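Below you'll find the structure, written out as structure tokens, and then a few comments.
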Amino acid sequence: MRNSNQNPLERPISEIIKQRLEDDGKNYFANDNIHSHIKPGELDLLQKEVEGKLQGVLESLVINTTRDHNTKETAKRVAKMYCREVFSGRYSRPPRVTDFPNAKNLDQIYTVGPISIRSCCSHHMAPIMGKCWVGVKPSKRVIGISKFNRLTDWVFSRPHIQEEAVMILADEIEKFIKPKGLIVIVKADHYCMKWRGVKEPDCQMATSVVRGEFRDKPHMKQEFMNLVGL
């Protein structure tokens, strides 16, 4: 008899989604967004599949989730956390970003930050927590400043290595506004270093992407650094 919690499809939903991606020649790396290959209702099935596999992990760790009141529904909670929260940037569509004409022809730098980032190391699945600053020399279009926060959260809510995450974020910003210059700086604590391994409590990682006039004109980069206090 089929378990009432079992996926009613013959194949696991993860295999069906993978097949779609492979048929379209798409990657499904940890930091990729795959929302366009997930049909309505399938994320619920994926979350249920993840829950079942996490339950197996807990059992392999010799944790008695049947009698331990602290871990009785841990697999369910963690599956929801991964699919709906900390990895939501993999499974959700991009945030809606409305752009506007640069009506006054602003040709000065504007900055946004610090923006909180919450991510996860794709090597150890340990948290990455930090701050992001963005500097823009606008061209013909601009976006509302809150959209930088939304894009940052969407990009970083995936397993990452920080060097790639900052590049993905810069690409997304450029896609919307095609600025004359763009700079993105991220400083973050990596709990794969603080919590395990070398267990270094105070070490941070800083990464930057510098494009357009910020790269070509060093005084502009310095102006940005002065504005944000870095």
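In the structure tokens, chains take the letters A, B, ... in the order shown, each chain's residues start at 1, and ligands count up from 1 in the order shown.
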Requested in this report: Going by DSSP on the backbone, which bits of stretch 148-184 of chain A are alpha helix (DSSP H)? Write them as a list in words, please.
Outcome: Phe148, Asn149, Arg150, Leu151, Thr152, Asp153, Trp154, Val155, Phe156, Gln162, Glu163, Glu164, Ala165, Val166, Met167, Ile168, Leu169, Ala170, Asp171, Glu172, Ile173, Glu174, Lys175, Phe176 and Ile177 of chain A
**Report entry** Per-residue DSSP, stretch 4-213 of chain A, filtered to strand (DSSP E or B), as a PyMOL selection string
**Finding:** chain A and resi 99-101+110-121+127-137+141-143+159-160+181-190+204-212
Would you put the residues from that selection into a file with N, CA and C atoms, as a CSV table (one decimal), in the first residue's frame?
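Result written to result-v7.csv:
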chain,number,residue,atom,x,y,z
A,99,ASP,N,11.7,49.8,-13.7
A,99,ASP,CA,12.7,50.8,-14.0
A,99,ASP,C,12.1,52.1,-14.5
A,100,PHE,N,12.8,53.2,-14.3
A,100,PHE,CA,12.2,54.5,-14.7
A,100,PHE,C,13.3,55.3,-15.5
A,101,PRO,N,12.8,56.2,-16.3
A,101,PRO,CA,13.8,57.0,-17.0
A,101,PRO,C,14.6,57.9,-16.1
A,110,TYR,N,25.4,57.4,-7.1
A,110,TYR,CA,24.5,57.2,-5.9
A,110,TYR,C,24.8,55.8,-5.3
A,111,THR,N,24.6,55.6,-4.0
A,111,THR,CA,25.0,54.4,-3.3
A,111,THR,C,23.8,53.9,-2.5
A,112,VAL,N,23.8,52.6,-2.3
A,112,VAL,CA,22.8,51.9,-1.5
A,112,VAL,C,23.6,50.9,-0.6
A,113,GLY,N,23.3,51.0,0.7
A,113,GLY,CA,23.9,50.0,1.6
A,113,GLY,C,24.1,50.6,3.0
A,114,PRO,N,24.4,49.8,4.0
A,114,PRO,CA,24.6,48.4,3.8
A,114,PRO,C,23.3,47.6,3.7
A,115,ILE,N,23.3,46.6,2.8
A,115,ILE,CA,22.2,45.7,2.6
A,115,ILE,C,22.6,44.4,3.3
A,116,SER,N,21.7,43.9,4.2
A,116,SER,CA,22.0,42.6,4.9
A,116,SER,C,22.0,41.5,3.9
A,117,ILE,N,23.0,40.6,4.0
A,117,ILE,CA,22.9,39.4,3.2
A,117,ILE,C,22.9,38.2,4.1
A,118,ARG,N,22.1,37.2,3.7
A,118,ARG,CA,22.0,35.9,4.4
A,118,ARG,C,22.1,34.8,3.3
A,119,SER,N,23.2,34.0,3.4
A,119,SER,CA,23.4,33.0,2.4
A,119,SER,C,23.9,31.8,3.0
A,120,CYS,N,24.5,30.9,2.2
A,120,CYS,CA,24.9,29.6,2.7
A,120,CYS,C,26.1,29.1,1.9
A,121,CYS,N,27.1,28.6,2.5
A,121,CYS,CA,28.3,28.1,1.8
A,121,CYS,C,28.0,26.8,1.1
A,127,PRO,N,26.1,28.8,7.3
A,127,PRO,CA,25.7,30.2,7.0
A,127,PRO,C,26.8,31.1,6.5
A,128,ILE,N,26.4,32.1,5.7
A,128,ILE,CA,27.2,33.2,5.3
A,128,ILE,C,26.4,34.5,5.6
A,129,MET,N,26.9,35.3,6.5
A,129,MET,CA,26.1,36.5,7.0
A,129,MET,C,27.0,37.7,6.8
A,130,GLY,N,26.4,38.8,6.2
A,130,GLY,CA,27.2,39.9,6.0
A,130,GLY,C,26.5,41.1,5.5
A,131,LYS,N,27.2,42.0,4.8
A,131,LYS,CA,26.7,43.3,4.3
A,131,LYS,C,27.1,43.5,2.9
A,132,CYS,N,26.3,44.2,2.1
A,132,CYS,CA,26.6,44.5,0.7
A,132,CYS,C,26.4,46.0,0.5
A,133,TRP,N,27.2,46.6,-0.3
A,133,TRP,CA,27.1,48.0,-0.7
A,133,TRP,C,27.1,48.1,-2.3
A,134,VAL,N,26.3,48.9,-2.8
A,134,VAL,CA,26.2,49.1,-4.3
A,134,VAL,C,26.4,50.5,-4.6
A,135,GLY,N,27.2,50.8,-5.7
A,135,GLY,CA,27.4,52.1,-6.2
A,135,GLY,C,27.0,52.1,-7.7
A,136,VAL,N,26.3,53.2,-8.1
A,136,VAL,CA,25.9,53.3,-9.5
A,136,VAL,C,26.2,54.6,-10.1
A,137,LYS,N,26.7,54.6,-11.3
A,137,LYS,CA,26.8,55.8,-12.1
A,137,LYS,C,25.7,55.6,-13.2
A,141,ARG,N,18.4,54.7,-17.4
A,141,ARG,CA,17.3,54.2,-16.6
A,141,ARG,C,17.8,54.0,-15.1
A,142,VAL,N,16.8,54.1,-14.2
A,142,VAL,CA,17.1,53.9,-12.8
A,142,VAL,C,16.0,53.0,-12.2
A,143,ILE,N,16.3,52.4,-11.0
A,143,ILE,CA,15.3,51.6,-10.3
A,143,ILE,C,15.2,52.2,-8.9
A,159,PRO,N,22.7,28.4,-2.0
A,159,PRO,CA,24.1,28.0,-1.7
A,159,PRO,C,25.1,28.7,-2.6
A,160,HIS,N,26.1,29.3,-2.1
A,160,HIS,CA,27.1,30.1,-2.9
A,160,HIS,C,28.5,29.9,-2.4
A,181,GLY,N,28.5,53.0,-14.8
A,181,GLY,CA,29.5,52.4,-13.9
A,181,GLY,C,28.7,51.7,-12.8
A,182,LEU,N,29.3,50.6,-12.3
A,182,LEU,CA,28.7,49.8,-11.2
A,182,LEU,C,29.8,49.2,-10.4
A,183,ILE,N,29.6,49.3,-9.0
A,183,ILE,CA,30.5,48.7,-8.1
A,183,ILE,C,29.7,48.0,-7.0
A,184,VAL,N,30.0,46.7,-6.7
A,184,VAL,CA,29.3,46.0,-5.7
A,184,VAL,C,30.4,45.4,-4.7
A,185,ILE,N,30.2,45.7,-3.4
A,185,ILE,CA,31.2,45.1,-2.5
A,185,ILE,C,30.4,44.4,-1.4
A,186,VAL,N,30.9,43.2,-1.1
A,186,VAL,CA,30.3,42.4,0.0
A,186,VAL,C,31.4,42.0,1.0
A,187,LYS,N,31.0,42.2,2.3
A,187,LYS,CA,31.9,41.7,3.4
A,187,LYS,C,31.0,40.8,4.2
A,188,ALA,N,31.6,39.6,4.5
A,188,ALA,CA,30.7,38.6,5.2
A,188,ALA,C,31.5,37.7,6.1
A,189,ASP,N,30.8,37.2,7.1
A,189,ASP,CA,31.3,36.2,8.0
A,189,ASP,C,30.9,34.8,7.4
A,190,HIS,N,31.8,33.9,7.4
A,190,HIS,CA,31.6,32.5,6.9
A,190,HIS,C,31.7,31.5,8.0
A,204,GLN,N,36.8,37.9,8.3
A,204,GLN,CA,35.8,38.1,7.3
A,204,GLN,C,36.3,38.0,5.9
A,205,MET,N,35.5,37.8,4.9
A,205,MET,CA,35.8,37.8,3.5
A,205,MET,C,35.2,39.0,2.8
A,206,ALA,N,36.0,39.7,2.0
A,206,ALA,CA,35.5,40.9,1.3
A,206,ALA,C,35.7,40.6,-0.2
A,207,THR,N,34.7,40.8,-1.0
A,207,THR,CA,34.8,40.7,-2.5
A,207,THR,C,34.2,41.9,-3.2
A,208,SER,N,34.6,42.2,-4.4
A,208,SER,CA,34.0,43.3,-5.1
A,208,SER,C,34.0,43.0,-6.6
A,209,VAL,N,33.0,43.7,-7.2
A,209,VAL,CA,32.9,43.7,-8.7
A,209,VAL,C,32.9,45.2,-9.1
A,210,VAL,N,33.8,45.5,-10.0
A,210,VAL,CA,34.0,46.9,-10.4
A,210,VAL,C,33.9,47.0,-11.9
A,211,ARG,N,32.9,47.7,-12.4
A,211,ARG,CA,32.7,47.7,-13.9
A,211,ARG,C,32.5,49.2,-14.4
A,212,GLY,N,32.7,49.3,-15.7
A,212,GLY,CA,32.5,50.6,-16.3
A,212,GLY,C,33.4,51.7,-15.8
Query raised in the report: Skipping near chain neighbours, those fewer than 2 positions away, what residues fall within 8 Å of A:Pro138 using only C-alpha atoms, listed as an MDAnalysis selection string?
Result: chainID A and resid 102 106:109 136 140:142 177:181
Using the selection just defined, write its residues with C-alpha atoms as a PDB file, in the first residue's frame.
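File out11.pdb, as written:
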ATOM      1  CA  ASN A 102      16.657  59.080 -15.674  1.00  0.00           C
ATOM      2  CA  LEU A 106      21.650  62.420 -13.062  1.00  0.00           C
ATOM      3  CA  ASP A 107      25.335  61.860 -13.769  1.00  0.00           C
ATOM      4  CA  GLN A 108      26.633  61.570 -10.205  1.00  0.00           C
ATOM      5  CA  ILE A 109      27.278  58.483  -8.110  1.00  0.00           C
ATOM      6  CA  VAL A 136      25.882  53.251  -9.508  1.00  0.00           C
ATOM      7  CA  LYS A 140      19.273  56.253 -19.128  1.00  0.00           C
ATOM      8  CA  ARG A 141      17.327  54.152 -16.585  1.00  0.00           C
ATOM      9  CA  VAL A 142      17.116  53.918 -12.787  1.00  0.00           C
ATOM     10  CA  ILE A 177      19.630  49.549 -15.647  1.00  0.00           C
ATOM     11  CA  LYS A 178      22.724  49.184 -17.852  1.00  0.00           C
ATOM     12  CA  PRO A 179      24.629  51.783 -15.792  1.00  0.00           C
ATOM     13  CA  LYS A 180      27.669  53.729 -16.942  1.00  0.00           C
ATOM     14  CA  GLY A 181      29.450  52.400 -13.890  1.00  0.00           C
TER      15      GLY A 181
END
Per residue of stretch 47-69 of chain A within 10 Å of stretch 12-34 of chain A, which atom pair is closest and at what distance in Å (one decimal), using only C-alpha atoms, listed by chain and increasing number, as JSON lines?
{"residue": "A:Gln47", "atom": "CA", "partner": "A:Ile13", "partner_atom": "CA", "distance": 9.6}
{"residue": "A:Lys48", "atom": "CA", "partner": "A:Ile13", "partner_atom": "CA", "distance": 9.6}
{"residue": "A:Glu49", "atom": "CA", "partner": "A:Pro12", "partner_atom": "CA", "distance": 7.3}
{"residue": "A:Val50", "atom": "CA", "partner": "A:Ser14", "partner_atom": "CA", "distance": 9.1}
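One distance worth recording is that between atom CA of A:Leu169 and atom CA of A:Arg215, which is 17.2 Å.
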Query raised in the report: Between A:Thr152, A:Ala126, A:Lys72, A:Arg84, which one has atoms that come closest to A:Tyr191, using only C-alpha atoms?
Result: A:Ala126
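Among the candidates A:Lys76, A:His35, A:His69, A:Arg90, the residue lying nearest to A:Leu54 is A:Lys76 (atoms considered: only C-alpha atoms).
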